[in-house]
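Take a look at the structure set out below.
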Amino acid sequence: MNITIDGSNYKVEAGERLIDVINRVGKELPQVCYHRQLGPIETCDTCLVEANGDLVRACATAVAGGMRIETKSVRADAAQRQAFDVILANHMLYCTVCDNNNGNCVIHNTTKLLKVEHQEIQFQPKPYEVDATNPFYRYDPDQCLLCGRCVEACQNVEVNETLSINWEDPNPRVLWDGGKAIGESSCVSCGHCVTVCPCNALMEKSMLGEAGYMSGLPKPILNGMIDVIKGIEPDTGYGMILNVSEAESAMRESRTRRTKTVCTYCSVGCTFDVWTRDRHILKVEPSEGLANGISTCVKGKFGWDFVNSPDRLTKPLIREGDKFRESTWDEALALVARRFAEIKAKDGPDALAFISSSKCTNEESYLMQKLARAVIGTNNMDNCSRYCQAPATAGLFRTVGYGGDSGSIRDIENAGLVLIIGSNTAEAHPVLATRVKQAHKLRGQKLVVADLRKHEMAERADLFFKPKPGTDLVWLSAIARHILDNGLERKEFLTQWVNGLDEYRKSLEPFTMEFAAKTCGLTIELLKQVAHMIVEADGVCILWAMGITQHSMGSDASTAISNLLLVTGNYMRTGTGAYPLRGHNNVQGAGDHGAAPNVLPGYQSVHDPEVRARFEAGWKVNLPSSKGLDNHQMIDAIHAGKLKGMYIFGEEIALVDSNANFVQDGLAKLEFFVAQDVFFSKTCQFADVILPASPSLEKEGTFTSTERRIQRLYQVLEPLGESRPDWRIIQDVANHLGANWNYQHPSEIYDEIASLTPLFAGVTYERMEGYKSLQWPVAPDGTDQPLLYTRKFAKPDGKATLFPIAMSLPTDPPDQEFDLHLNNGRLLEHFHEGNMTYRSKGIREKVPDTWVEVSPELAKERGVQSGTWVQLISRYGKLRVRALLTERVTGKELYMPMNSSESPVNLLTSSYTDAVTNTPAYKEASVRMVVLDEVGNSPLPKVNSRFGHPTPQRGVEVERKWKRIDYEMPKGEPVPHGEPIHAAPKGQGVNGDR
Ligand code: SF4
Ligand code: SF4
Ligand code: SF4
Ligand code: FES
């Protein structure tokens, strides 16, 4: 279609927003409330244009063929000015001393665009105080434009539903939980609202007084300067004042760096710019990330204090008796090389083992496994995906062929029904959860949740049910059988794309509805309801996590999920597929890049002579051909006296492996142990040499998210002290062992990976420049696959396999002595045991400690209240922890978040593992609870968001603004440029309490 804009002809797509077209063709148009990722909010009226002679909001108008648009006609211009005058009356312009004066302030730029010299409606302060009760950001009502972007972001993007605007009030403002202090509201500090605020009304506290040259001046001086600025404005107009502020803003450019990075916490793969001034982190600004857009959670937006923590390791340390002493790098590396060489000479290469980090980069995992295989000569190589994701990978290998999510977050959004099993998605993968919450709230997507706990996604679900612990395999298989028995399967899909139906159908014989109902503690009606919801949905995505995988039958349960998807034809198109949500930021990448005992990078078997030959030619060495030890077997091998030396980096094995007492006893027995980390972790306590590493902000490389999305991180800061990026340290160790590696930059490492690994053949740093990314597999020409299996499955004949599975029940069941089932998992605020997040003051304020969740009925029976200290005793260990009463758990179910190094839940878990992958059965633990005669404060302070009361609504609800008697849509009548109508109060500084 064609339209004309200001007399010129343009091609447009049907349905495009007029404002997007205007922006695309480079016309300048005011647009205060419009943000492309929020869509039209229609609160500001500044985008008014003439369309075929009528005044319309460009943001809310879809183009139609033949439209005639005037953006600068006398009427449109006058309407835009009238609208902006109303908006500006809410805001005190003091740009030169404002921390938001960074070239991207919408209100500043619109003032300039419209060449506003004087306000017709003068600023009047609002009768509200600044609210600084959140540890990370503050709200200044006097600067608030009432544009509603924050409300829209909170209600419809984050879907935390905390914010609203009281449009009916004489003095509207943004409200938290309908009028609570921010710090006592349901706000989860995700920062969406702060990110999208077009001015300084919502600001990161880390910016305040830090971003500008003069914004850090003492308040009286600052207020005096504001008064001076306002005093000269009637004579000079805003033009000259803005010129001064722009000169100041330009000066900031020279000292403020904006560097793109990838979040180091969970696997969603959020990317953002980090603004820094020297080592001070001014703010995190998400905008263009392909996984997250404007979204972050509290950790990615605000959880970076750990980088500058005084606890950082900055020098190598060498054990001397019970103590450590600082050493030079040369001494430490020489010692590591000498001891590794001695152990290899005495006991052979398999007496050494190597553990890679799912927090570190792909290149670093690649180098670690190359060190193990090519330099030492062992396949004793693993990473922590063994602890969580290996069973999901196994289930997908068995059935569809690739060990990764079958699509992207966008494909999940497109599903008719999302089934979440054993995943606390809103806390463990917060930004991914926002997309499901959005689709559910705004687009009618159905949500079914199966979990032991009634977490946020369960609260939101159309259907929530609680199978008995460890029985998911049973109800999933029973549903599949019911579908097949009743002819509800997708027959054409099965015929064309799937092998093994008969054998699979036979394997389902034991899984009757009656058996499943009894075994899982569910009703037959409910199981049938779930089956029919799946069959009837227009596309089903199943999301699962550690509630499935961390069981003794984790691989089989993951297989059952994929089987169910195949039976119902839910692969090969958007809105369908299997999504095992990966945990750490790079747990997918660590596995992808060969940090495993049986495969080289790209899941190429160590047993395959052709594969080995390729790597041997590339690395110019001979490679071991037998499978090595996984990290679970490594601990057993230490106890058995077979494993003598170990090198681990970025991995807190002493706390995160199950049966922690057994693991720690093992680590203590090692003859020589090298730990490489950012902090002196629990694991470091057992080391002989500790090598100080740099966190993600201090290095370059790539991470691979749960979407199989490979993304570059750029170096934000120099390594602190003498710490070094892990890839450099691993190279140093290799070279002290005679390897002669010479990588100058991680891109060179990736070139080598791509040359040896078909899965990543087309991956180059150039193709991932800036915010660009690639989702593997990547063909040599750079073509990637955001959605897998669109043409065939990754199996030899292109067909998927229905993989028969057998019944199995969980280990370590409750009995008379250990009568309670203990579940555990992640928490929104802290990542894992909290080595990084406990170093954030704000996060500590919100969640200072761990707890055990106790149901109200159990609490009543045992005389427990929130704050009561209890001792939990399992067959493997014990710990002390405070109780927290909550209805999220019921009956004899307990739940402990993992966020503690003092009382880590793994003191209680067993050494039972998944039969296929050796993943510990963390979720199968029984304990008894001894109530101690000691009551403290509740472990969860009242300032935690869980005590808040959200106020859900459909968005900013601008219609309520339009109903105000003082609202009138600008008509575009020319405004006389006279003297200000109302004089601003002077003397005390209008924002005296700022
Ligand atoms: S939850 Fe809090 S930080 Fe996040 S958008 Fe809502 S008000 Fe803002
Ligand atoms: S606080 Fe909200 S309503 Fe106020 S200016 Fe910022 S985004 Fe707009
Ligand atoms: S922790 Fe996960 S959801 Fe939060 S910002 Fe980082 S990648 Fe995104
Ligand atoms: S940008 Fe269109 S109404 Fe605000």
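Ordering of the structure tokens sets the chain letters (A, B, ...), residue numbers begin anew at 1 in every chain, and ligands are numbered from 1 in the order given.
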Which residues form the shell of 9 Å around ligand 2 when you count only C-alpha atoms and all ligand atoms, given as a CSV table (one decimal) with N, CA, C and O atoms, in the first residue's frame?
```csv
chain,number,residue,atom,x,y,z
A,32,VAL,N,5.8,11.2,23.4
A,32,VAL,CA,6.3,11.0,24.7
A,32,VAL,C,5.9,9.7,25.3
A,32,VAL,O,6.7,9.0,25.9
A,33,CYS,N,4.7,9.2,25.1
A,33,CYS,CA,4.3,8.0,25.8
A,33,CYS,C,4.5,6.8,25.0
A,33,CYS,O,4.4,5.6,25.5
A,90,ASN,N,3.7,18.9,34.2
A,90,ASN,CA,4.0,17.9,35.3
A,90,ASN,C,5.4,17.8,35.7
A,90,ASN,O,5.8,17.0,36.5
A,91,HIS,N,6.3,18.5,35.0
A,91,HIS,CA,7.7,18.2,35.1
A,91,HIS,C,8.5,19.5,35.2
A,91,HIS,O,8.3,20.4,34.5
A,139,TYR,N,11.1,7.1,43.2
A,139,TYR,CA,10.1,7.8,42.3
A,139,TYR,C,9.9,9.2,42.8
A,139,TYR,O,9.7,9.4,44.0
A,140,ASP,N,10.0,10.1,41.9
A,140,ASP,CA,9.8,11.5,42.2
A,140,ASP,C,8.5,12.0,41.5
A,140,ASP,O,8.5,12.3,40.3
A,141,PRO,N,7.4,12.1,42.3
A,141,PRO,CA,6.1,12.5,41.7
A,141,PRO,C,6.2,13.8,41.0
A,141,PRO,O,5.5,14.0,40.0
A,142,ASP,N,7.0,14.7,41.5
A,142,ASP,CA,7.1,16.1,40.9
A,142,ASP,C,7.7,16.0,39.5
A,142,ASP,O,7.5,17.0,38.7
A,143,GLN,N,8.4,15.0,39.2
A,143,GLN,CA,9.0,14.9,37.8
A,143,GLN,C,8.2,14.0,36.9
A,143,GLN,O,8.5,13.9,35.7
A,144,CYS,N,7.1,13.4,37.5
A,144,CYS,CA,6.4,12.4,36.7
A,144,CYS,C,5.4,13.0,35.7
A,144,CYS,O,4.6,13.9,36.0
A,145,LEU,N,5.5,12.6,34.4
A,145,LEU,CA,4.7,13.2,33.4
A,145,LEU,C,3.3,12.6,33.3
A,145,LEU,O,2.5,13.0,32.5
A,146,LEU,N,3.1,11.5,34.1
A,146,LEU,CA,1.8,10.7,34.0
A,146,LEU,C,1.6,10.1,32.6
A,146,LEU,O,0.5,10.0,32.1
A,147,CYS,N,2.8,9.7,32.0
A,147,CYS,CA,2.7,9.1,30.7
A,147,CYS,C,2.2,7.7,30.8
A,147,CYS,O,1.7,7.1,29.8
A,148,GLY,N,2.4,7.0,31.9
A,148,GLY,CA,1.9,5.7,32.1
A,148,GLY,C,2.7,4.6,31.5
A,148,GLY,O,2.4,3.4,31.5
A,149,ARG,N,3.9,4.9,30.9
A,149,ARG,CA,4.7,3.9,30.4
A,149,ARG,C,5.1,2.8,31.5
A,149,ARG,O,5.1,1.6,31.2
A,150,CYS,N,5.4,3.3,32.7
A,150,CYS,CA,5.8,2.4,33.8
A,150,CYS,C,4.6,1.5,34.1
A,150,CYS,O,4.8,0.3,34.4
A,151,VAL,N,3.4,2.0,34.1
A,151,VAL,CA,2.2,1.2,34.5
A,151,VAL,C,2.0,0.1,33.4
A,151,VAL,O,1.8,-1.1,33.7
A,152,GLU,N,2.2,0.5,32.1
A,152,GLU,CA,2.0,-0.5,31.1
A,152,GLU,C,3.1,-1.6,31.2
A,152,GLU,O,2.8,-2.7,31.0
A,153,ALA,N,4.3,-1.2,31.5
A,153,ALA,CA,5.4,-2.1,31.6
A,153,ALA,C,5.1,-3.1,32.7
A,153,ALA,O,5.3,-4.3,32.6
A,163,LEU,N,1.7,-1.5,39.5
A,163,LEU,CA,1.5,-0.1,39.3
A,163,LEU,C,0.1,0.2,38.7
A,163,LEU,O,-0.4,-0.5,37.9
A,165,ILE,N,-2.3,4.2,37.9
A,165,ILE,CA,-2.4,5.7,38.1
A,165,ILE,C,-3.8,6.0,38.5
A,165,ILE,O,-4.8,5.5,38.0
A,173,ARG,N,-1.1,10.4,40.3
A,173,ARG,CA,0.3,10.0,40.4
A,173,ARG,C,0.4,8.5,40.2
A,173,ARG,O,-0.6,7.8,40.1
A,174,VAL,N,1.6,8.0,40.1
A,174,VAL,CA,1.8,6.5,40.0
A,174,VAL,C,1.6,5.9,41.4
A,174,VAL,O,2.2,6.5,42.3
A,193,CYS,N,9.8,-0.7,34.9
A,193,CYS,CA,9.3,0.7,35.0
A,193,CYS,C,10.4,1.7,34.9
A,193,CYS,O,10.2,2.8,34.2
A,194,VAL,N,11.5,1.5,35.6
A,194,VAL,CA,12.6,2.5,35.5
A,194,VAL,C,13.2,2.5,34.1
A,194,VAL,O,13.5,3.6,33.6
A,195,THR,N,13.3,1.4,33.5
A,195,THR,CA,13.9,1.3,32.2
A,195,THR,C,13.1,2.1,31.2
A,195,THR,O,13.7,2.8,30.3
A,196,VAL,N,11.8,2.1,31.3
A,196,VAL,CA,11.0,2.7,30.2
A,196,VAL,C,10.6,4.2,30.6
A,196,VAL,O,10.0,4.9,29.7
A,197,CYS,N,10.8,4.6,31.8
A,197,CYS,CA,10.4,6.0,32.2
A,197,CYS,C,11.1,6.9,31.2
A,197,CYS,O,12.4,6.9,31.1
A,198,PRO,N,10.4,7.8,30.6
A,198,PRO,CA,11.1,8.7,29.6
A,198,PRO,C,11.8,9.9,30.2
A,198,PRO,O,12.4,10.7,29.5
A,199,CYS,N,11.8,10.0,31.5
A,199,CYS,CA,12.4,11.2,32.2
A,199,CYS,C,13.1,10.7,33.5
A,199,CYS,O,13.4,9.5,33.6
A,200,ASN,N,13.2,11.6,34.4
A,200,ASN,CA,13.9,11.2,35.6
A,200,ASN,C,13.0,11.0,36.8
A,200,ASN,O,13.4,11.0,38.0
A,201,ALA,N,11.7,10.7,36.5
A,201,ALA,CA,10.8,10.5,37.6
A,201,ALA,C,11.1,9.2,38.3
A,201,ALA,O,11.0,9.1,39.5
A,202,LEU,N,11.4,8.2,37.5
A,202,LEU,CA,11.9,6.9,38.1
A,202,LEU,C,13.4,6.8,37.7
A,202,LEU,O,13.7,6.8,36.5
A,203,MET,N,14.2,6.7,38.7
A,203,MET,CA,15.6,6.6,38.4
A,203,MET,C,16.3,5.5,39.3
A,203,MET,O,15.9,5.3,40.5
```
Return as a VMD selection string the residues of protein, DNA or RNA that approach ligand 1 to within 6 Å, with only C-alpha atoms and all ligand atoms taken into account. chain A and resid 153 to 154 160 162 to 163 187 to 193
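Each residue with an atom within 8 Å of any atom of ligand 4 appears in the list, which was built counting only C-alpha atoms and all ligand atoms: Ile19, Pro30, Gln31, Val32, Cys33, Tyr34, His35, Pro40, Ile41, Glu42, Thr43, Cys44, Asp45, Thr46, Cys47, Leu48, Arg57, Ala58, Cys59, Ala60 and Cys147 of chain A.
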Give as an MDAnalysis selection string the residues surrounding ligand 3 up to a distance of 10 Å, considering only C-alpha atoms and all ligand atoms. chainID A and resid 190:191 262:272 284 286 291:292 295:303 425:434 583:585 705:706 828:831
Write a file of the just-selected residues containing N, CA and C atoms, as a compact mmCIF listing (two decimals), in the first residue's frame.
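So selection-v3.txt came out as:
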```
# COMPACT_ATOMS: atom_id res chain seq x y z
N CYS A 190 12.06 -5.53 39.39
CA CYS A 190 12.55 -6.00 38.09
C CYS A 190 13.12 -4.85 37.27
N GLY A 191 12.69 -3.63 37.58
CA GLY A 191 13.24 -2.46 36.90
C GLY A 191 12.60 -2.12 35.56
N VAL A 262 25.86 -9.80 28.49
CA VAL A 262 24.82 -10.82 28.64
C VAL A 262 24.72 -11.13 30.12
N CYS A 263 23.50 -11.28 30.62
CA CYS A 263 23.33 -11.51 32.05
C CYS A 263 24.06 -12.78 32.48
N THR A 264 24.62 -12.72 33.67
CA THR A 264 25.42 -13.85 34.18
C THR A 264 24.62 -14.75 35.12
N TYR A 265 23.34 -14.46 35.30
CA TYR A 265 22.57 -15.27 36.26
C TYR A 265 21.87 -16.43 35.56
N CYS A 266 20.61 -16.29 35.19
CA CYS A 266 19.90 -17.47 34.69
C CYS A 266 20.06 -17.61 33.19
N SER A 267 19.38 -18.59 32.63
CA SER A 267 19.64 -18.96 31.23
C SER A 267 18.72 -18.28 30.23
N VAL A 268 17.91 -17.31 30.67
CA VAL A 268 17.01 -16.66 29.71
C VAL A 268 17.82 -15.94 28.62
N GLY A 269 19.00 -15.45 29.02
CA GLY A 269 19.85 -14.80 28.02
C GLY A 269 19.54 -13.34 27.82
N CYS A 270 19.16 -12.66 28.90
CA CYS A 270 18.90 -11.22 28.78
C CYS A 270 20.20 -10.49 28.45
N THR A 271 20.08 -9.54 27.56
CA THR A 271 21.24 -8.73 27.20
C THR A 271 20.90 -7.27 27.46
N PHE A 272 21.94 -6.49 27.73
CA PHE A 272 21.71 -5.08 28.03
C PHE A 272 23.00 -4.31 27.96
N VAL A 284 21.98 -0.49 34.44
CA VAL A 284 21.84 -1.52 33.42
C VAL A 284 20.65 -1.12 32.57
N PRO A 286 18.39 -2.37 29.50
CA PRO A 286 17.99 -3.31 28.46
C PRO A 286 17.17 -2.59 27.40
N ALA A 291 16.14 -11.81 23.34
CA ALA A 291 15.39 -12.62 24.29
C ALA A 291 14.55 -11.75 25.22
N ASN A 292 15.01 -10.56 25.53
CA ASN A 292 14.39 -9.82 26.62
C ASN A 292 13.87 -8.43 26.27
N SER A 295 13.13 -6.07 29.10
CA SER A 295 12.89 -6.80 30.35
C SER A 295 14.18 -7.22 31.04
N THR A 296 14.09 -7.26 32.35
CA THR A 296 15.12 -7.83 33.21
C THR A 296 14.41 -8.32 34.47
N CYS A 297 15.13 -9.05 35.30
CA CYS A 297 14.64 -9.29 36.66
C CYS A 297 15.57 -8.54 37.61
N VAL A 298 15.29 -8.64 38.89
CA VAL A 298 16.06 -7.85 39.86
C VAL A 298 17.55 -8.16 39.78
N LYS A 299 17.89 -9.40 39.46
CA LYS A 299 19.32 -9.75 39.47
C LYS A 299 20.05 -9.12 38.29
N GLY A 300 19.44 -9.23 37.11
CA GLY A 300 20.09 -8.67 35.94
C GLY A 300 20.11 -7.16 35.95
N LYS A 301 19.08 -6.55 36.50
CA LYS A 301 19.00 -5.08 36.50
C LYS A 301 19.83 -4.48 37.63
N PHE A 302 19.77 -5.12 38.78
CA PHE A 302 20.38 -4.46 39.94
C PHE A 302 21.41 -5.30 40.70
N GLY A 303 21.63 -6.54 40.30
CA GLY A 303 22.43 -7.44 41.15
C GLY A 303 23.90 -7.51 40.78
N THR A 425 8.81 -21.05 37.24
CA THR A 425 9.32 -20.21 36.16
C THR A 425 9.41 -18.74 36.54
N ALA A 426 8.42 -18.24 37.27
CA ALA A 426 8.41 -16.80 37.58
C ALA A 426 9.60 -16.41 38.46
N GLU A 427 10.18 -17.37 39.17
CA GLU A 427 11.33 -17.04 40.01
C GLU A 427 12.64 -17.53 39.41
N ALA A 428 12.61 -18.66 38.73
CA ALA A 428 13.86 -19.22 38.22
C ALA A 428 14.20 -18.68 36.82
N HIS A 429 13.19 -18.33 36.05
CA HIS A 429 13.41 -17.78 34.70
C HIS A 429 12.47 -16.59 34.53
N PRO A 430 12.70 -15.55 35.31
CA PRO A 430 11.67 -14.50 35.45
C PRO A 430 11.27 -13.84 34.14
N VAL A 431 12.22 -13.55 33.29
CA VAL A 431 11.84 -12.82 32.07
C VAL A 431 11.11 -13.74 31.09
N LEU A 432 11.51 -14.98 31.04
CA LEU A 432 10.76 -15.92 30.20
C LEU A 432 9.33 -16.05 30.72
N ALA A 433 9.20 -16.08 32.04
CA ALA A 433 7.86 -16.19 32.64
C ALA A 433 6.99 -15.00 32.26
N THR A 434 7.60 -13.82 32.13
CA THR A 434 6.77 -12.65 31.79
C THR A 434 6.07 -12.86 30.46
N GLY A 583 19.26 -23.85 33.61
CA GLY A 583 19.39 -23.11 34.86
C GLY A 583 20.35 -21.94 34.75
N HIS A 584 21.64 -22.21 34.79
CA HIS A 584 22.64 -21.14 34.77
C HIS A 584 22.69 -20.48 33.39
N ASN A 585 23.27 -19.29 33.39
CA ASN A 585 23.39 -18.51 32.16
C ASN A 585 24.02 -19.28 31.01
N SER A 705 22.12 -19.30 25.66
CA SER A 705 20.96 -19.28 26.55
C SER A 705 20.10 -20.53 26.36
N THR A 706 19.03 -20.60 27.12
CA THR A 706 18.14 -21.76 27.01
C THR A 706 17.52 -21.89 25.63
N LEU A 828 13.61 -16.04 43.44
CA LEU A 828 13.75 -14.91 42.51
C LEU A 828 15.00 -14.07 42.81
N GLU A 829 15.15 -13.69 44.06
CA GLU A 829 16.14 -12.66 44.38
C GLU A 829 17.57 -13.16 44.37
N HIS A 830 17.77 -14.38 44.87
CA HIS A 830 19.15 -14.88 44.94
C HIS A 830 19.37 -15.90 43.84
N PHE A 831 20.61 -15.92 43.36
CA PHE A 831 20.89 -16.98 42.41
C PHE A 831 21.61 -18.10 43.12
```
Can you pull out the residues contacting Leu788 (chain A)? Cut-off 8 Å, using only C-alpha atoms, and skip same-chain residues under 2 positions away; I want them as a PyMOL selection string. chain A and resi 406-407+572+785-786+790+793
File of the preceding selection, N, CA and C atoms, as a PDB file, in the first residue's frame:
```
ATOM      1  N   SER A 406      13.194 -26.721  21.759  1.00  0.00           N
ATOM      2  CA  SER A 406      12.878 -26.922  20.351  1.00  0.00           C
ATOM      3  C   SER A 406      12.463 -25.637  19.636  1.00  0.00           C
ATOM      4  N   GLY A 407      12.338 -24.585  20.357  1.00  0.00           N
ATOM      5  CA  GLY A 407      12.052 -23.314  19.705  1.00  0.00           C
ATOM      6  C   GLY A 407      12.594 -22.169  20.544  1.00  0.00           C
ATOM      7  N   MET A 572       7.461 -29.214  15.406  1.00  0.00           N
ATOM      8  CA  MET A 572       7.643 -28.810  13.999  1.00  0.00           C
ATOM      9  C   MET A 572       6.935 -27.519  13.604  1.00  0.00           C
ATOM     10  N   GLN A 785      18.882 -21.702  13.390  1.00  0.00           N
ATOM     11  CA  GLN A 785      17.541 -22.323  13.482  1.00  0.00           C
ATOM     12  C   GLN A 785      16.844 -21.931  14.780  1.00  0.00           C
ATOM     13  N   PRO A 786      16.172 -20.781  14.780  1.00  0.00           N
ATOM     14  CA  PRO A 786      15.412 -20.392  15.981  1.00  0.00           C
ATOM     15  C   PRO A 786      14.372 -21.451  16.359  1.00  0.00           C
ATOM     16  N   THR A 790      11.777 -27.954  11.698  1.00  0.00           N
ATOM     17  CA  THR A 790      10.739 -27.470  10.785  1.00  0.00           C
ATOM     18  C   THR A 790      10.675 -28.345   9.529  1.00  0.00           C
ATOM     19  N   PHE A 793      13.261 -34.206  11.882  1.00  0.00           N
ATOM     20  CA  PHE A 793      13.858 -34.359  13.204  1.00  0.00           C
ATOM     21  C   PHE A 793      15.342 -34.684  13.062  1.00  0.00           C
TER      22      PHE A 793
END
```
Set the distance at 8 Å and use only C-alpha atoms: which residues neighbour Met896 (chain A) once local chain neighbours fewer than 6 positions away are removed? I'd like the list as a PDB file with N, CA, C and O atoms, in the first residue's frame.
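The result, stored in around-v7.pdb:
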```
ATOM      1  N   LEU A 822      11.102 -33.291  51.647  1.00  0.00           N
ATOM      2  CA  LEU A 822      11.750 -31.984  51.505  1.00  0.00           C
ATOM      3  C   LEU A 822      12.023 -31.713  50.030  1.00  0.00           C
ATOM      4  O   LEU A 822      12.757 -32.445  49.374  1.00  0.00           O
ATOM      5  N   ASN A 823      11.440 -30.635  49.551  1.00  0.00           N
ATOM      6  CA  ASN A 823      11.658 -30.180  48.175  1.00  0.00           C
ATOM      7  C   ASN A 823      12.591 -28.976  48.245  1.00  0.00           C
ATOM      8  O   ASN A 823      12.742 -28.348  49.294  1.00  0.00           O
ATOM      9  N   ASN A 824      13.218 -28.623  47.142  1.00  0.00           N
ATOM     10  CA  ASN A 824      14.078 -27.430  47.166  1.00  0.00           C
ATOM     11  C   ASN A 824      14.143 -26.823  45.777  1.00  0.00           C
ATOM     12  O   ASN A 824      13.791 -27.467  44.790  1.00  0.00           O
ATOM     13  N   GLY A 825      14.599 -25.576  45.703  1.00  0.00           N
ATOM     14  CA  GLY A 825      14.670 -24.928  44.392  1.00  0.00           C
ATOM     15  C   GLY A 825      15.159 -23.499  44.483  1.00  0.00           C
ATOM     16  O   GLY A 825      15.661 -23.060  45.513  1.00  0.00           O
ATOM     17  N   THR A 850      17.993 -17.738  54.271  1.00  0.00           N
ATOM     18  CA  THR A 850      17.124 -18.772  53.731  1.00  0.00           C
ATOM     19  C   THR A 850      16.075 -19.163  54.767  1.00  0.00           C
ATOM     20  O   THR A 850      16.020 -18.603  55.878  1.00  0.00           O
ATOM     21  N   TRP A 851      15.233 -20.122  54.440  1.00  0.00           N
ATOM     22  CA  TRP A 851      14.188 -20.579  55.356  1.00  0.00           C
ATOM     23  C   TRP A 851      13.695 -21.949  54.902  1.00  0.00           C
ATOM     24  O   TRP A 851      14.107 -22.434  53.836  1.00  0.00           O
ATOM     25  N   VAL A 852      12.848 -22.526  55.689  1.00  0.00           N
ATOM     26  CA  VAL A 852      12.142 -23.715  55.215  1.00  0.00           C
ATOM     27  C   VAL A 852      10.655 -23.397  55.239  1.00  0.00           C
ATOM     28  O   VAL A 852      10.123 -22.897  56.238  1.00  0.00           O
ATOM     29  N   GLU A 853       9.986 -23.626  54.127  1.00  0.00           N
ATOM     30  CA  GLU A 853       8.553 -23.351  54.052  1.00  0.00           C
ATOM     31  C   GLU A 853       7.786 -24.502  54.697  1.00  0.00           C
ATOM     32  O   GLU A 853       8.036 -25.679  54.386  1.00  0.00           O
ATOM     33  N   VAL A 905      20.939 -26.737  51.571  1.00  0.00           N
ATOM     34  CA  VAL A 905      19.985 -27.852  51.572  1.00  0.00           C
ATOM     35  C   VAL A 905      20.669 -29.170  51.232  1.00  0.00           C
ATOM     36  O   VAL A 905      20.219 -30.244  51.635  1.00  0.00           O
TER      37      VAL A 905
END
```
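Shortest atom-to-atom contact with Leu371 (chain A) among A:Ile483, A:Phe354, A:Glu70, A:Gly602: A:Phe354, counting only C-alpha atoms.
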DSSP on the backbone, then: every residue of region 631-820 of chain A marked strand (DSSP E), written as an MDAnalysis selection string. chainID A and resid 645:649 672:677 689:692 701:704 709:713 773:775 800:801 820
Proximity to Val567 (chain A) - best of A:Ser249, A:Thr399, A:Ser357, A:Asn101, only C-alpha atoms: A:Thr399
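Using only C-alpha atoms, the protein and nucleic acid residues lying no more than 7 Å from Thr559 (chain A), apart from those fewer than 4 places from it along its own chain, are Gly395, Leu396, Thr399, Ser555 and Asn563 of chain A.
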